[in-house]
Amino acid sequence: MLKKFFIFAIVVVIILTALLAIAVRHVRPTEALNLDYKEITIGSKIADIVKNRKLEVRLTEEDLNEVLKKQLAAHQVLPNDFRIEGAKLTLQGSNLVADVNVRWREKIPIGAQMMFTLAWNPPNLVIQHRNTSVKGMQVPSEWVQLAPIELPIEDHLPKLIGVRNVLFEEKAMIIQLKPLR
C-alpha cells in the first residue's frame with residue numbers, strides 16, 4: 001500500500017513539473033525586445049512648423065515609441081515582482097498597444113501585451129493603462145496595473161510656445177501649438 005502511494009506521489013510530481021515547464025515555455029516572449037531609446041524632443045520638430053507653415057508638430061509612431069520607451073525605462077518595476085525588460089509600441093488612434101517582455105521574480109520571462117489609452121488633459125498627455133494579456137488571456141488587473149503616466153508636453157517646447165490641442169491619428173499624434181503661452 002505504501003509502495004503504491006509512493007509511486008502515485010512520484011507520478012503526480014512528474015506531471016505537475018511537466019505542466020509547469022509547459023506553462024513557462026508557453027508564456028516565454030516570442031521576440032527579443034529592449035528599452036533602448038533615442039532622445040526625441042518636440043523642440044527639434046520646430047523645423048516642421050516652418051516647412052509646413054502650420055503651428056503644429058507631428059509625432060510619428062516611431063517618435064512616440066522612443067518617448068514612451070523612455071517613460072517605461074523609468075518605471076520598469078511593476079507590482080507583484082514584475083519588471084519590464086523590453087517594449088515595442090504600436091499606435092492605433094488614441095489607443096496604444098505595447099508588446100512587452102516582462103520578468104516575474106527575476107526568473108520567469110513572459111511575453112505580454114498591454115493596452116493603453118492616450119488622452120490630452122491640459123497641460124499633460126495622459127497615458128492610462130487599460131489591461132494586460134498574455135497569449136490572448138486577460139491578466140487580472142490586480143496582478144499588473146500601471147499608474148497613469150503624465151507627460152507635460154509644454155516643458156519640451158520653447159518658452160513662447162504653448163499647446164492648444166492634441167489630436168490622435170491612426171499612426172501619429174498632432175500637437176497643435178499656440179504662440180505666447
# chains A, B, ... in the order shown; residues from 1 in each chain; ligands from 1

$ residues_around --residues "Leu68 of chain A" --least-positions-apart "6" --cutoff "10 Å" --atoms "only C-alpha atoms" --output "list of chain:residue names"
A:Leu35, A:Tyr37, A:Glu62, A:Ala74, A:Ala87, A:Lys88, A:Leu89, A:Ala98, A:Ile127, A:Ile149, A:Leu151

$ write_last_selection --atoms "N, CA and C atoms" --output "PDB file, in the first residue's frame"
ATOM      1  N   LEU A  35      14.512  48.236 -23.945  1.00  0.00           N
ATOM      2  CA  LEU A  35      14.024  49.577 -23.620  1.00  0.00           C
ATOM      3  C   LEU A  35      14.999  50.658 -24.072  1.00  0.00           C
ATOM      4  N   TYR A  37      16.281  53.623 -26.226  1.00  0.00           N
ATOM      5  CA  TYR A  37      15.550  54.684 -26.910  1.00  0.00           C
ATOM      6  C   TYR A  37      16.503  55.792 -27.330  1.00  0.00           C
ATOM      7  N   GLU A  62       6.933  56.079 -34.528  1.00  0.00           N
ATOM      8  CA  GLU A  62       8.309  55.831 -34.115  1.00  0.00           C
ATOM      9  C   GLU A  62       8.754  56.834 -33.054  1.00  0.00           C
ATOM     10  N   ALA A  74      11.978  54.309 -17.109  1.00  0.00           N
ATOM     11  CA  ALA A  74      11.992  54.969 -15.806  1.00  0.00           C
ATOM     12  C   ALA A  74      11.040  54.305 -14.812  1.00  0.00           C
ATOM     13  N   ALA A  87      10.069  46.639 -24.827  1.00  0.00           N
ATOM     14  CA  ALA A  87       8.750  47.015 -25.329  1.00  0.00           C
ATOM     15  C   ALA A  87       8.831  47.420 -26.790  1.00  0.00           C
ATOM     16  N   LYS A  88       7.725  47.203 -27.482  1.00  0.00           N
ATOM     17  CA  LYS A  88       7.519  47.691 -28.850  1.00  0.00           C
ATOM     18  C   LYS A  88       6.091  48.220 -28.879  1.00  0.00           C
ATOM     19  N   LEU A  89       5.937  49.479 -29.256  1.00  0.00           N
ATOM     20  CA  LEU A  89       4.645  50.136 -29.159  1.00  0.00           C
ATOM     21  C   LEU A  89       4.047  50.378 -30.533  1.00  0.00           C
ATOM     22  N   ALA A  98       1.149  47.916 -26.491  1.00  0.00           N
ATOM     23  CA  ALA A  98       2.556  47.701 -26.168  1.00  0.00           C
ATOM     24  C   ALA A  98       2.814  46.202 -26.033  1.00  0.00           C
ATOM     25  N   ILE A 127      -1.321  58.878 -20.258  1.00  0.00           N
ATOM     26  CA  ILE A 127      -1.274  57.518 -20.776  1.00  0.00           C
ATOM     27  C   ILE A 127      -1.832  56.610 -19.692  1.00  0.00           C
ATOM     28  N   ILE A 149       0.534  57.594 -16.580  1.00  0.00           N
ATOM     29  CA  ILE A 149       1.765  58.346 -16.846  1.00  0.00           C
ATOM     30  C   ILE A 149       1.350  59.678 -17.442  1.00  0.00           C
ATOM     31  N   LEU A 151       2.707  63.118 -19.233  1.00  0.00           N
ATOM     32  CA  LEU A 151       3.824  63.769 -19.918  1.00  0.00           C
ATOM     33  C   LEU A 151       3.491  65.244 -20.125  1.00  0.00           C
TER      34      LEU A 151
END

$ residues_around --residues "Asn65 of chain A" --least-positions-apart "6" --cutoff "12 Å" --atoms "only C-alpha atoms" --output "PyMOL selection string"
chain A and resi 34-40+59+71-73+86-91+96-99+171-173

$ write_last_selection --atoms "N, CA, C and O atoms" --output "tab-separated table (two decimals), in the first residue's frame"
chain	number	residue	atom	x	y	z
A	34	ASN	N	13.81	45.45	-26.14
A	34	ASN	CA	14.58	46.16	-25.13
A	34	ASN	C	13.94	47.52	-24.87
A	34	ASN	O	12.95	47.88	-25.50
A	35	LEU	N	14.51	48.24	-23.95
A	35	LEU	CA	14.02	49.58	-23.62
A	35	LEU	C	15.00	50.66	-24.07
A	35	LEU	O	14.98	51.77	-23.56
A	36	ASP	N	15.84	50.34	-25.05
A	36	ASP	CA	16.75	51.34	-25.61
A	36	ASP	C	15.93	52.37	-26.39
A	36	ASP	O	15.02	52.00	-27.12
A	37	TYR	N	16.28	53.62	-26.23
A	37	TYR	CA	15.55	54.68	-26.91
A	37	TYR	C	16.50	55.79	-27.33
A	37	TYR	O	17.59	55.93	-26.79
A	38	LYS	N	16.06	56.55	-28.33
A	38	LYS	CA	16.78	57.76	-28.74
A	38	LYS	C	16.01	58.94	-28.17
A	38	LYS	O	14.77	58.94	-28.16
A	39	GLU	N	16.74	59.93	-27.73
A	39	GLU	CA	16.11	61.12	-27.16
A	39	GLU	C	15.40	61.89	-28.26
A	39	GLU	O	16.01	62.28	-29.25
A	40	ILE	N	14.10	62.09	-28.12
A	40	ILE	CA	13.30	62.86	-29.07
A	40	ILE	C	12.77	64.08	-28.33
A	40	ILE	O	12.17	63.95	-27.26
A	59	LEU	N	4.07	63.98	-34.37
A	59	LEU	CA	4.89	62.92	-33.79
A	59	LEU	C	4.44	61.59	-34.39
A	59	LEU	O	3.28	61.21	-34.25
A	71	GLN	N	9.81	56.52	-20.85
A	71	GLN	CA	8.97	56.50	-19.66
A	71	GLN	C	8.91	55.11	-19.03
A	71	GLN	O	8.97	54.96	-17.82
A	72	LEU	N	8.80	54.08	-19.87
A	72	LEU	CA	8.77	52.71	-19.35
A	72	LEU	C	10.11	52.34	-18.71
A	72	LEU	O	10.13	51.63	-17.70
A	73	ALA	N	11.20	52.82	-19.28
A	73	ALA	CA	12.52	52.54	-18.69
A	73	ALA	C	12.62	53.17	-17.30
A	73	ALA	O	13.26	52.61	-16.41
A	86	GLY	N	11.57	45.00	-21.96
A	86	GLY	CA	11.58	45.49	-23.33
A	86	GLY	C	10.17	45.79	-23.81
A	86	GLY	O	9.21	45.27	-23.25
A	87	ALA	N	10.07	46.64	-24.83
A	87	ALA	CA	8.75	47.02	-25.33
A	87	ALA	C	8.83	47.42	-26.79
A	87	ALA	O	9.85	47.90	-27.27
A	88	LYS	N	7.73	47.20	-27.48
A	88	LYS	CA	7.52	47.69	-28.85
A	88	LYS	C	6.09	48.22	-28.88
A	88	LYS	O	5.15	47.50	-28.56
A	89	LEU	N	5.94	49.48	-29.26
A	89	LEU	CA	4.65	50.14	-29.16
A	89	LEU	C	4.05	50.38	-30.53
A	89	LEU	O	4.75	50.72	-31.48
A	90	THR	N	2.73	50.20	-30.61
A	90	THR	CA	2.00	50.44	-31.84
A	90	THR	C	0.85	51.39	-31.54
A	90	THR	O	0.04	51.13	-30.64
A	91	LEU	N	0.77	52.48	-32.29
A	91	LEU	CA	-0.28	53.47	-32.10
A	91	LEU	C	-1.47	53.13	-32.98
A	91	LEU	O	-1.32	52.83	-34.16
A	96	LEU	N	-2.99	52.71	-27.59
A	96	LEU	CA	-1.60	52.32	-27.74
A	96	LEU	C	-1.48	50.86	-27.30
A	96	LEU	O	-1.93	50.50	-26.22
A	97	VAL	N	-0.91	50.04	-28.18
A	97	VAL	CA	-0.69	48.63	-27.88
A	97	VAL	C	0.80	48.45	-27.65
A	97	VAL	O	1.60	48.82	-28.51
A	98	ALA	N	1.15	47.92	-26.49
A	98	ALA	CA	2.56	47.70	-26.17
A	98	ALA	C	2.81	46.20	-26.03
A	98	ALA	O	2.25	45.55	-25.16
A	99	ASP	N	3.63	45.68	-26.94
A	99	ASP	CA	4.12	44.32	-26.78
A	99	ASP	C	5.32	44.43	-25.85
A	99	ASP	O	6.28	45.13	-26.16
A	171	LYS	N	-1.69	56.56	-37.02
A	171	LYS	CA	-0.28	56.24	-36.78
A	171	LYS	C	0.55	57.46	-36.39
A	171	LYS	O	1.77	57.46	-36.55
A	172	ALA	N	-0.11	58.50	-35.87
A	172	ALA	CA	0.62	59.71	-35.48
A	172	ALA	C	-0.19	60.51	-34.47
A	172	ALA	O	-1.39	60.28	-34.29
A	173	MET	N	0.48	61.46	-33.85
A	173	MET	CA	-0.15	62.36	-32.91
A	173	MET	C	0.20	63.78	-33.35
A	173	MET	O	1.38	64.07	-33.62

$ residues_around --residues "Ala119 of chain A" --least-positions-apart "6" --cutoff "10 Å" --atoms "only C-alpha atoms" --output "number ranges by chain"
A: 94-95, 125-128, 150, 166-168

$ residues_around --residues "segment 13-28 of chain A" --least-positions-apart "4" --cutoff "9 Å" --atoms "only C-alpha atoms" --output "ChimeraX atom specification"
/A:8-9,101,108-112,134-135

$ write_last_selection --atoms "C-alpha atoms" --output "PDB file, in the first residue's frame"
ATOM      1  CA  PHE A   8       1.405   7.742  -7.184  1.00  0.00           C
ATOM      2  CA  ALA A   9       3.117  10.714  -5.468  1.00  0.00           C
ATOM      3  CA  ASN A 101       8.739  41.453 -22.289  1.00  0.00           C
ATOM      4  CA  ILE A 108      10.451  33.728 -15.482  1.00  0.00           C
ATOM      5  CA  PRO A 109      10.388  35.697 -18.765  1.00  0.00           C
ATOM      6  CA  ILE A 110       6.893  36.486 -20.023  1.00  0.00           C
ATOM      7  CA  GLY A 111       5.712  37.990 -23.295  1.00  0.00           C
ATOM      8  CA  ALA A 112       2.651  40.174 -22.690  1.00  0.00           C
ATOM      9  CA  VAL A 134      -0.565  37.017 -22.043  1.00  0.00           C
ATOM     10  CA  LYS A 135      -1.001  34.874 -25.145  1.00  0.00           C
TER      11      LYS A 135
END

$ select_by_dssp --residues "segment 3-177 of chain A" --states "helix (DSSP H, G or I)" --output "MDAnalysis selection string"
chainID A and resid 3:27 42:52 61:74 153:156

$ residues_around --residues "Pro152 of chain A" --least-positions-apart "3" --cutoff "8 Å" --atoms "only C-alpha atoms" --output "number ranges by chain"
A: 123-125, 155-156

$ atom_distance --atom1 "atom CA of Glu106 of chain A" --atom2 "atom CA of Ser141 of chain A"
20.5 Å

$ atom_distance --atom1 "atom CA of Ile84 of chain A" --atom2 "atom CA of Arg103 of chain A"
6.6 Å

$ closest_residue --among "A:Pro148, A:Phe6, A:Met137, A:Val12" --to "His75 of chain A" --atoms "only C-alpha atoms"
A:Pro148

$ closest_residue --among "A:Leu33, A:Ile153, A:Met1, A:Met115" --to "Val57 of chain A" --atoms "only C-alpha atoms"
A:Ile153
